[in-house]
Every structure is written in C-alpha cells, then in structure tokens.
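Engineer: One file: coords03.txt (compact mmCIF, C-alpha atoms).
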# COMPACT_ATOMS: atom_id res chain seq x y z
CA MET A 1 -20.83 44.24 29.90
CA ARG A 2 -19.17 42.94 33.04
CA ARG A 3 -19.12 39.17 33.43
CA ARG A 4 -21.13 39.30 36.67
CA GLU A 5 -23.94 41.19 34.93
CA PHE A 6 -23.95 38.61 32.13
CA ILE A 7 -24.25 35.77 34.63
CA THR A 8 -27.02 37.52 36.56
CA ALA A 9 -29.00 38.22 33.39
CA LEU A 10 -29.03 34.57 32.44
CA GLY A 11 -29.76 33.38 35.97
CA SER A 12 -26.73 31.23 36.68
CA THR A 13 -23.19 31.15 38.01
CA ALA A 14 -22.00 28.60 35.50
CA ALA A 15 -21.19 31.04 32.71
CA ALA A 16 -17.63 31.43 33.94
CA TRP A 17 -16.73 27.80 33.21
CA PRO A 18 -13.90 27.37 30.67
CA LEU A 19 -14.77 25.91 27.28
CA SER A 20 -12.99 22.64 28.05
CA ALA A 21 -15.17 22.12 31.12
CA ARG A 22 -18.30 22.90 29.14
CA ALA A 23 -17.35 20.36 26.51
CA GLN A 24 -17.36 17.69 29.17
CA GLN A 25 -20.97 18.44 30.09
CA ARG A 26 -22.44 16.00 27.58
CA THR A 27 -25.93 16.34 29.03
CA MET A 28 -25.92 20.07 28.32
CA SER A 29 -26.89 21.85 25.14
CA VAL A 30 -24.28 24.41 24.08
CA ILE A 31 -25.14 27.58 22.20
CA GLY A 32 -22.90 30.35 20.92
CA LEU A 33 -23.83 34.01 21.40
CA LEU A 34 -22.14 36.19 18.76
CA THR A 35 -22.54 39.95 19.10
CA VAL A 36 -21.16 43.10 17.48
CA THR A 37 -20.98 44.95 20.79
CA ASN A 38 -21.20 43.88 24.41
CA LEU A 39 -24.87 43.31 25.16
CA ILE A 40 -26.54 45.55 27.69
CA PHE A 41 -28.38 44.06 30.64
CA ASP A 42 -31.82 44.43 28.99
CA GLN A 43 -30.73 42.33 26.02
CA LEU A 44 -29.21 39.60 28.13
CA LYS A 45 -32.23 39.52 30.40
CA ALA A 46 -34.56 39.13 27.40
CA VAL A 47 -32.44 36.32 25.93
CA GLY A 48 -32.40 34.57 29.29
CA LYS A 49 -36.15 34.97 29.65
CA GLY A 50 -36.86 33.27 26.32
CA LEU A 51 -34.53 30.39 27.11
CA ASN A 52 -35.99 29.93 30.59
CA GLU A 53 -39.56 29.99 29.26
CA SER A 54 -38.51 27.21 26.90
CA GLY A 55 -37.07 25.08 29.68
CA TYR A 56 -33.38 25.93 29.28
CA PHE A 57 -31.32 27.25 32.18
CA GLU A 58 -27.66 28.22 32.15
CA GLY A 59 -25.64 25.78 34.23
CA ARG A 60 -28.47 23.26 34.53
CA ASN A 61 -29.10 21.99 31.03
CA LEU A 62 -27.50 24.74 28.95
CA ALA A 63 -24.02 26.20 28.43
CA ILE A 64 -23.42 29.46 26.59
CA VAL A 65 -20.24 30.49 24.80
CA TYR A 66 -20.25 34.30 24.61
CA ARG A 67 -18.21 36.12 21.95
CA SER A 68 -18.36 39.91 21.39
CA ALA A 69 -16.43 41.96 18.83
CA ASP A 70 -16.56 45.02 21.11
CA GLY A 71 -17.64 47.13 18.14
CA GLN A 72 -14.69 46.02 15.98
CA LEU A 73 -16.31 44.38 12.97
CA ASP A 74 -13.06 42.94 11.65
CA ARG A 75 -12.91 40.67 14.72
CA LEU A 76 -16.20 38.92 13.92
CA PRO A 77 -14.91 36.28 11.44
CA ALA A 78 -12.37 34.93 13.96
CA LEU A 79 -14.97 34.92 16.72
CA ALA A 80 -17.46 33.07 14.53
CA THR A 81 -14.79 30.51 13.69
CA GLU A 82 -14.14 30.03 17.42
CA LEU A 83 -17.80 29.23 17.99
CA VAL A 84 -17.86 26.77 15.11
CA GLU A 85 -14.73 25.04 16.39
CA SER A 86 -16.32 24.87 19.86
CA ASN A 87 -19.02 22.63 18.34
CA VAL A 88 -21.92 24.73 19.58
CA SER A 89 -25.36 23.44 18.63
CA VAL A 90 -26.81 26.83 17.64
CA ILE A 91 -25.39 30.32 17.10
CA LEU A 92 -27.49 33.28 18.24
CA ALA A 93 -26.27 36.37 16.33
CA ILE A 94 -27.30 39.77 17.69
CA GLY A 95 -26.37 43.22 16.41
CA GLY A 96 -27.08 44.05 12.79
CA PRO A 97 -26.87 41.67 9.82
CA VAL A 98 -23.08 41.55 9.91
CA SER A 99 -22.90 39.13 12.85
CA ALA A 100 -25.34 36.70 11.22
CA ARG A 101 -23.67 37.08 7.82
CA VAL A 102 -20.25 36.29 9.27
CA ALA A 103 -21.66 33.29 11.14
CA LYS A 104 -23.30 32.06 7.95
CA ALA A 105 -19.98 32.31 6.12
CA ALA A 106 -18.31 30.30 8.90
CA THR A 107 -20.72 27.34 8.79
CA HIS A 108 -23.34 25.85 6.50
CA THR A 109 -24.39 23.21 9.01
CA ILE A 110 -24.71 24.79 12.47
CA PRO A 111 -28.12 26.53 12.78
CA ILE A 112 -27.98 30.33 13.13
CA VAL A 113 -30.67 32.55 14.66
CA PHE A 114 -30.45 36.32 14.17
CA ALA A 115 -32.13 39.25 15.91
CA TYR A 116 -31.75 42.70 14.35
CA GLY A 117 -33.63 45.58 12.74
CA GLY A 118 -33.04 45.19 9.01
CA ASP A 119 -34.42 43.19 6.07
CA PRO A 120 -32.90 39.68 6.16
CA VAL A 121 -33.86 38.98 2.54
CA VAL A 122 -32.19 42.14 1.22
CA ASP A 123 -29.21 41.48 3.48
CA GLY A 124 -28.79 38.01 2.02
CA LEU A 125 -29.42 36.06 5.21
CA VAL A 126 -32.48 34.10 4.05
CA ASP A 127 -34.14 33.22 0.75
CA SER A 128 -37.54 34.49 1.91
CA LEU A 129 -39.30 35.34 5.15
CA ASN A 130 -41.67 32.35 5.02
CA ARG A 131 -39.11 29.86 3.74
CA PRO A 132 -35.69 30.94 5.00
CA GLY A 133 -33.78 28.07 3.39
CA GLY A 134 -30.36 26.92 4.52
CA ASN A 135 -29.30 27.08 8.16
CA VAL A 136 -30.40 30.62 9.07
CA THR A 137 -33.61 32.11 10.49
CA GLY A 138 -34.52 34.58 13.21
CA VAL A 139 -36.36 37.73 14.18
CA THR A 140 -36.35 41.19 12.65
CA PHE A 141 -37.92 44.25 14.26
CA ILE A 142 -37.62 46.06 10.87
CA ALA A 143 -36.57 49.31 12.56
CA THR A 144 -34.70 50.56 9.49
CA THR A 145 -38.00 50.88 7.60
CA LEU A 146 -39.49 53.17 10.26
CA THR A 147 -37.19 56.15 9.75
CA THR A 148 -39.76 58.26 7.91
CA LYS A 149 -42.51 57.39 10.40
CA LYS A 150 -40.29 58.39 13.31
CA LEU A 151 -39.62 61.74 11.65
CA GLU A 152 -43.35 62.29 11.16
CA LEU A 153 -44.05 61.63 14.84
CA LEU A 154 -41.19 63.85 15.97
CA ARG A 155 -42.36 66.72 13.76
CA ALA A 156 -45.72 66.63 15.55
CA ILE A 157 -43.91 67.66 18.74
CA ALA A 158 -41.29 69.92 17.13
CA PRO A 159 -43.12 71.50 14.17
CA GLN A 160 -40.85 74.55 14.04
CA ALA A 161 -37.71 72.56 13.28
CA THR A 162 -36.28 73.24 9.83
CA ASP A 163 -32.96 71.48 10.39
CA ILE A 164 -33.30 67.76 11.06
CA GLY A 165 -30.51 65.63 12.48
CA LEU A 166 -29.84 61.93 11.97
CA LEU A 167 -27.47 60.04 14.23
CA ILE A 168 -26.02 57.04 12.42
CA ASN A 169 -23.22 54.48 12.62
CA PRO A 170 -21.42 54.61 9.24
CA THR A 171 -19.42 51.45 9.93
CA GLY A 172 -22.54 49.30 10.24
CA THR A 173 -24.53 47.86 7.34
CA LEU A 174 -27.82 49.53 8.30
CA ALA A 175 -26.79 53.14 7.64
CA GLU A 176 -27.24 53.54 3.88
CA ASP A 177 -30.99 52.86 3.68
CA GLN A 178 -31.74 55.07 6.68
CA ILE A 179 -29.80 58.00 5.24
CA ARG A 180 -31.57 57.58 1.89
CA ASP A 181 -35.06 57.44 3.45
CA MET A 182 -34.38 60.43 5.71
CA SER A 183 -32.92 62.47 2.85
CA GLU A 184 -36.00 61.88 0.72
CA ALA A 185 -38.41 62.68 3.57
CA VAL A 186 -36.60 65.86 4.62
CA GLN A 187 -36.37 67.01 1.00
CA ARG A 188 -40.14 66.58 0.56
CA MET A 189 -40.66 68.78 3.62
CA GLY A 190 -38.35 71.46 2.25
CA GLU A 191 -36.01 71.10 5.20
CA ARG A 192 -32.31 70.38 5.70
CA LEU A 193 -30.74 67.13 6.89
CA HIS A 194 -27.62 66.95 9.05
CA VAL A 195 -26.05 63.50 9.40
CA GLU A 196 -23.69 62.89 12.30
CA ASN A 197 -21.66 59.72 12.64
CA VAL A 198 -21.26 57.72 15.83
CA THR A 199 -19.06 54.62 15.88
CA GLY A 200 -18.67 54.36 19.65
CA PRO A 201 -19.16 56.11 23.01
CA ASN A 202 -16.26 58.48 22.38
CA ASP A 203 -18.07 60.02 19.38
CA ILE A 204 -21.29 61.02 21.15
CA ASP A 205 -20.21 64.34 22.68
CA ALA A 206 -18.64 65.56 19.44
CA ALA A 207 -21.72 64.55 17.45
CA PHE A 208 -24.07 66.53 19.70
CA ALA A 209 -21.78 69.55 19.70
CA ALA A 210 -21.82 69.48 15.89
CA LEU A 211 -25.62 69.14 15.83
CA SER A 212 -25.92 72.14 18.13
CA ARG A 213 -23.70 74.26 15.89
CA SER A 214 -25.88 73.26 12.93
CA THR A 215 -29.01 74.61 14.68
CA VAL A 216 -30.69 71.20 14.46
CA GLY A 217 -34.18 71.43 15.95
CA ALA A 218 -35.15 67.74 15.86
CA LEU A 219 -33.11 64.54 15.93
CA VAL A 220 -33.82 61.00 14.77
CA ILE A 221 -31.65 58.36 16.43
CA GLY A 222 -30.78 55.76 13.81
CA THR A 223 -31.04 52.01 14.10
CA ASP A 224 -27.79 50.34 15.11
CA PRO A 225 -26.54 48.20 18.03
CA ILE A 226 -24.22 50.99 19.12
CA PHE A 227 -27.13 53.16 20.28
CA ALA A 228 -28.16 50.59 22.87
CA VAL A 229 -24.63 50.77 24.27
CA VAL A 230 -24.62 54.59 24.46
CA ARG A 231 -28.19 54.87 25.79
CA PRO A 232 -27.13 56.57 29.07
CA GLN A 233 -25.19 59.21 27.14
CA LEU A 234 -28.11 59.87 24.82
CA ALA A 235 -30.41 60.30 27.82
CA THR A 236 -28.22 63.07 29.27
CA LEU A 237 -27.11 64.85 26.10
CA THR A 238 -30.47 65.40 24.39
CA PRO A 239 -31.83 67.51 27.29
CA ARG A 240 -28.47 69.23 27.81
CA TYR A 241 -28.42 70.42 24.20
CA ARG A 242 -32.21 70.85 24.22
CA ILE A 243 -32.65 68.79 21.06
CA PRO A 244 -35.97 66.89 20.76
CA ALA A 245 -35.13 63.33 19.73
CA ILE A 246 -36.97 60.14 18.86
CA HIS A 247 -35.51 56.71 19.64
CA ASN A 248 -36.19 53.11 18.64
CA GLY A 249 -37.64 51.59 21.82
CA ARG A 250 -39.47 52.63 24.95
CA GLU A 251 -36.42 51.71 27.04
CA TYR A 252 -34.93 55.00 25.85
CA CYS A 253 -37.95 56.93 27.10
CA GLU A 254 -37.63 55.23 30.45
CA ALA A 255 -34.07 56.59 30.50
CA SER A 256 -35.40 60.17 29.96
CA GLY A 257 -35.59 60.12 26.17
CA LEU A 258 -38.36 62.32 24.76
CA MET A 259 -40.13 59.75 22.61
CA SER A 260 -39.69 56.43 20.85
CA TYR A 261 -41.38 54.38 18.18
CA GLY A 262 -40.79 50.80 17.15
CA ALA A 263 -41.33 47.17 17.94
CA SER A 264 -40.63 45.85 21.42
CA LEU A 265 -36.91 45.14 21.36
CA PRO A 266 -36.86 42.90 24.45
CA ASP A 267 -39.67 40.82 22.96
CA SER A 268 -37.70 40.42 19.72
CA TRP A 269 -34.63 39.16 21.60
CA ARG A 270 -36.85 36.87 23.67
CA GLN A 271 -38.48 35.43 20.55
CA ALA A 272 -35.08 34.81 18.98
CA SER A 273 -33.97 32.79 22.02
CA ILE A 274 -37.23 30.80 21.84
CA TYR A 275 -36.27 29.88 18.26
CA VAL A 276 -32.88 28.77 19.61
CA ALA A 277 -34.65 26.48 22.07
CA ARG A 278 -36.89 25.03 19.36
CA ILE A 279 -33.85 24.23 17.25
CA LEU A 280 -32.14 22.60 20.22
CA ARG A 281 -35.19 20.33 20.42
CA GLY A 282 -34.76 19.24 16.82
CA GLU A 283 -36.56 21.74 14.57
CA LYS A 284 -34.79 22.97 11.42
CA PRO A 285 -34.15 26.67 10.67
CA THR A 286 -35.51 26.24 7.16
CA ASN A 287 -38.91 25.32 8.65
CA LEU A 288 -39.03 28.32 11.00
CA PRO A 289 -40.29 31.48 9.22
CA VAL A 290 -38.57 34.74 10.04
CA MET A 291 -40.62 36.41 12.77
CA LEU A 292 -41.87 39.97 12.27
CA PRO A 293 -43.24 42.31 14.92
CA THR A 294 -47.03 42.44 15.18
CA LYS A 295 -47.20 45.70 17.12
CA PHE A 296 -45.31 48.98 17.12
CA GLU A 297 -45.22 51.04 20.29
CA LEU A 298 -45.20 54.82 20.67
CA ALA A 299 -43.86 56.06 24.00
CA ILE A 300 -43.68 59.68 25.16
CA ASN A 301 -41.91 61.13 28.20
CA LEU A 302 -43.94 64.16 29.31
CA LYS A 303 -41.38 65.14 31.94
CA THR A 304 -38.71 65.43 29.26
CA ALA A 305 -41.09 67.29 26.95
CA LYS A 306 -41.75 69.83 29.72
CA ALA A 307 -38.02 70.25 30.37
CA LEU A 308 -37.54 70.98 26.67
CA GLY A 309 -40.42 73.46 26.63
CA LEU A 310 -42.47 71.35 24.24
CA THR A 311 -46.20 70.80 24.09
CA VAL A 312 -47.35 67.34 23.09
CA PRO A 313 -50.53 67.49 20.96
CA PRO A 314 -53.51 65.73 22.58
CA SER A 315 -54.01 63.72 19.39
CA LEU A 316 -50.50 62.29 19.72
CA LEU A 317 -50.97 61.52 23.39
CA ALA A 318 -54.17 59.66 22.56
CA THR A 319 -52.31 57.31 20.23
CA ALA A 320 -49.36 56.66 22.58
CA ASP A 321 -48.98 53.19 24.04
CA GLU A 322 -47.07 54.52 27.04
CA VAL A 323 -46.93 58.01 28.55
CA ILE A 324 -44.29 58.64 31.20
CA GLU A 325 -45.13 61.51 33.56
Kindly present the structure from the file in structure tokens form.
Structural biologist:
Amino acid sequence: MRRREFITALGSTAAAWPLSARAQQRTMSVIGLLTVTNLIFDQLKAVGKGLNESGYFEGRNLAIVYRSADGQLDRLPALATELVESNVSVILAIGGPVSARVAKAATHTIPIVFAYGGDPVVDGLVDSLNRPGGNVTGVTFIATTLTTKKLELLRAIAPQATDIGLLINPTGTLAEDQIRDMSEAVQRMGERLHVENVTGPNDIDAAFAALSRSTVGALVIGTDPIFAVVRPQLATLTPRYRIPAIHNGREYCEASGLMSYGASLPDSWRQASIYVARILRGEKPTNLPVMLPTKFELAINLKTAKALGLTVPPSLLATADEVIE
C-alpha cells in the first residue's frame, strides 16, 4: 500500500506527520493500526468510513499510527511494542488472530479491537462473545466456518469436478481448521483434495500451475489476509487456468472472480472502526460484545461463468444476492 493511497482512503493529508509531531497534538485522539500485511484500498476506505461516521477525521481530531508486518509474522511483536510505546489510545488489529494476539501480549491496558475471520474465543482473544473480558473486543466475519458451505455452492456450478483444490496460507493461524473441514467434506463426497500453499504474491503462479497438473476441477480460496493482497492475481489466473473458484467476498467477483460467499468484509472493517470510536469516547472493551455478521452474501459473475463454459443453475441464481453480468 503506497502512502498516498493510505492518506486518500482515510480522507486526510495529515497521515505523513512524524510520531513526535503527532504526540504534540494533545487535542487529537491517537490510534494504532496493526496489520499482518499492507491493507488494500478497500480495507482502508472501510476503516475510514467507520471513523468518519463516528465523528473522527484524520488530521482534524484523530491521528493514526500505521504499522504493517508486510506478511512477516515475526515482525509483529516489535511493531506492537512500538504502538504501545507511542501511547496510542486504541489498537485496531487487522489480519487474522495473530495481530490481535500479539497486541494483547504487548499490553493489558490499552484497548484492542480486532477484525478477522476466525473464532476469537477458540483463538484465545476473548473469554466469550457476549462478555469479552480484559482489554480486547472486535468483529469476526467467521469466514473459516464457511469452508464446507462454499464447497457446496461451488459444486452446484461445477458438479463434474472430482478433484477439489484448496488455496491456503500455511504460515497463518487460520489454516488448520479449514484444511480439516475441507478434508472431511471432500472425503464424504468421495473426491480428492489438493492443498496448495500461498504465503505471498510470488507463490500464486506456482500454486495454480500445480493445481492444473493435478487436474483440479474446482477451487476454494481459503480465508487469510494474504488473499486480499493477491486479489488481482487471483482474478487473472482462475480464468487463465480455467479453474472454477469461490472466494470470500463479493469484491472478488467484481474483480472477475466466478463466485463468492461470506459476510460483507468492508462492513466488518467499518464496524470494527466504529468500536474504536466508541472506546475513544470512553466505553470499555469488556462491555462491547464481539460483533458477528447478520447476513451472508452470495455473488455470482455470469460473465466469468460463460468464459469458463459453465452453466449456473437457475435455483442458485435465484438465491444470489448479487449477479454480475
């Protein structure tokens, strides 16, 4: 993410101020943004939207300290420590449970708000969804629990596929449950599962080449922050290799992906930033229940389906929330 895009997404030119200058702005609230990878424009725009709706504007009454690990998880502890030492009022952690977990280890007093697709209770971030406890709360779009449902929807479009692919990031903490759920689902169907690992943009081409050699006829894109970063590559490679794929959010369909199923990701990021604003106004994380999605969206790109020679069943089209023609 280039700095200019970051500034534009949050609606201000003040993001380039050095930390020392920000510290002097005593009338400003200061939040820390801790991420596993550089956020894409959609994510930054959604975060900015939630803050603006809540009355906070970068450079006017809000300063943001942005720290990204650039996909290198071992950098996160030092970055979290930097935010704590910068005396930020709230830390917004985006990108899997690892960013929130590292932030939680760095401070027991600064409030932390997470936004990711796993189970925050299982991942040890909160005591319970209704009563988070401690200094951590946030939003989960529970995408890791939708793996089997995504496969079911994809099989409706690609019923002839007997080899199923799963694209996953093995270095993240969300991979294990998704592999287990997919393995069980594929085994019940009497089919074969092919898992390909992607840890960064440089792995995408090799992963698709391997899937093609394995005669994979349908592909589930796993849940992980890295897949938002490589979205443009996914949009070009799935049609090139003629592999029907299902993604996590409709943004992928808008970028020529075949289909997607999941909660609205931009809305989840927006809701997380609204929680940040509420905490800045004095509310405690322990009194803010973890927010869950209330609606899951199915999007289908008919143009991509046609290019792949696929027929979308009318029954599936009737249930889609968005059809791109």
Engineer: To one decimal place in Å, what is the distance between CA of Gln187 in chain A and CA of Arg242 in chain A?
Structural biologist: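 CA of Gln187 in chain A sits 23.9 Å away from CA of Arg242 in chain A.
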Engineer: Which residues come within 10 Å of Phe227 in chain A, counting all atoms listed in the file, excluding same-chain residues fewer than 3 positions away, as a PyMOL selection string?
Structural biologist: chain A and resi 167-169+198-201+204+221-224+230-234+247-248+252
Engineer: Just checking: using all atoms listed in the file, which residue out of A:Ala158, A:Leu302, A:Leu265, A:Leu280 ends up closest to Met28 in chain A?
Structural biologist: A:Leu280
Engineer: Do you know which residues are at most 9 Å from Leu310 in chain A counting only C-alpha atoms, after dropping those on the same chain fewer than 4 positions away, and could you put them as a ChimeraX atom specification?
Structural biologist: /A:157-158,244,302,304-306
Engineer: Between CA of Glu152 in chain A and CA of Gly190 in chain A, what is the spacing in Å?
Structural biologist: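 That distance, rounded to one decimal, is 13.7 Å.
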Engineer: Per residue of range 23-58 of chain A within 6 Å of range 87-109 of chain A, record the nearest atom pair and its distance in Å to one decimal, counting only C-alpha atoms, with rows in chain order and ascending residue number, as CSV.
Structural biologist:
residue,atom,partner,partner_atom,distance
A:Val30,CA,A:Val88,CA,5.1
A:Ile31,CA,A:Val90,CA,4.9
A:Gly32,CA,A:Ile91,CA,4.6
A:Leu33,CA,A:Leu92,CA,4.9
A:Leu34,CA,A:Ala93,CA,4.8
A:Thr35,CA,A:Ile94,CA,5.0
A:Val36,CA,A:Gly95,CA,5.3
Engineer: Around range 158-165 of chain A, with edges along x, y and z and 6 Å added on all six sides, what centre and edge lengths do you get, in Å to one decimal, as AutoDock Vina command-line options?
Structural biologist:
--center_x -36.8 --center_y 70.1 --center_z 13.5 --size_x 24.6 --size_y 20.9 --size_z 19.3
Engineer: Set out as CSV a contact list for range 125-222 of chain A and range 287-297 of chain A with a cut-off of 6 Å, giving each residue of range 125-222 of chain A that qualifies its closest atom pair and distance in Å to one decimal, counting only C-alpha atoms, ordered by chain and rising residue number.
Structural biologist:
residue,atom,partner,partner_atom,distance
A:Leu129,CA,A:Val290,CA,5.0
A:Asn130,CA,A:Pro289,CA,4.5
A:Arg131,CA,A:Pro289,CA,5.8
A:Thr137,CA,A:Val290,CA,5.6
A:Gly138,CA,A:Val290,CA,5.1
A:Val139,CA,A:Met291,CA,4.7
A:Thr140,CA,A:Leu292,CA,5.7
A:Phe141,CA,A:Pro293,CA,5.7
Engineer: Tell me, in Å to one decimal, how far CA of Glu184 in chain A is from CA of Thr148 in chain A.
Structural biologist: 8.9 Å
Engineer: Which polymer residues, protein or nucleic acid, are no farther than 7 Å from (-46.8, 56.8, 21.6), counting all atoms listed in the file, as a compact mmCIF listing (two decimals) with C-alpha atoms, in the coordinates of the input?
Structural biologist:
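The file below, out.txt, is the result:
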# COMPACT_ATOMS: atom_id res chain seq x y z
CA TYR A 261 -41.38 54.38 18.18
CA GLU A 297 -45.22 51.04 20.29
CA LEU A 298 -45.20 54.82 20.67
CA ALA A 299 -43.86 56.06 24.00
CA ILE A 300 -43.68 59.68 25.16
CA LEU A 316 -50.50 62.29 19.72
CA LEU A 317 -50.97 61.52 23.39
CA THR A 319 -52.31 57.31 20.23
CA ALA A 320 -49.36 56.66 22.58
CA ASP A 321 -48.98 53.19 24.04
CA GLU A 322 -47.07 54.52 27.04
Engineer: If we count all atoms listed in the file, what is near Ile279 in chain A at a cut-off of 8 Å, once residues fewer than 5 positions away on the same chain are taken out, given as a CSV table (one decimal) with C-alpha atoms, in the frame of the given file?
Structural biologist:
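In the end it all went to result_14.csv:
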chain,number,residue,atom,x,y,z
A,90,VAL,CA,-26.8,26.8,17.6
A,111,PRO,CA,-28.1,26.5,12.8
A,284,LYS,CA,-34.8,23.0,11.4
A,285,PRO,CA,-34.2,26.7,10.7
Engineer: Hey, which of A:Ser54, A:Thr171, A:Thr238, A:Ser260 ends up closest to Val216 in chain A? Count only C-alpha atoms.
Structural biologist: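 Closest to Val216 in chain A of all the choices is A:Thr238.
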Engineer: Using all atoms listed in the file, which of the listed residues (A:Leu174, A:Leu79, A:Ala156, A:Ala185) sits closest to Val122 in chain A?
Structural biologist: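 Checking each of A:Leu174, A:Leu79, A:Ala156, A:Ala185 against Val122 in chain A, counting all atoms listed in the file, the winner is A:Leu174.
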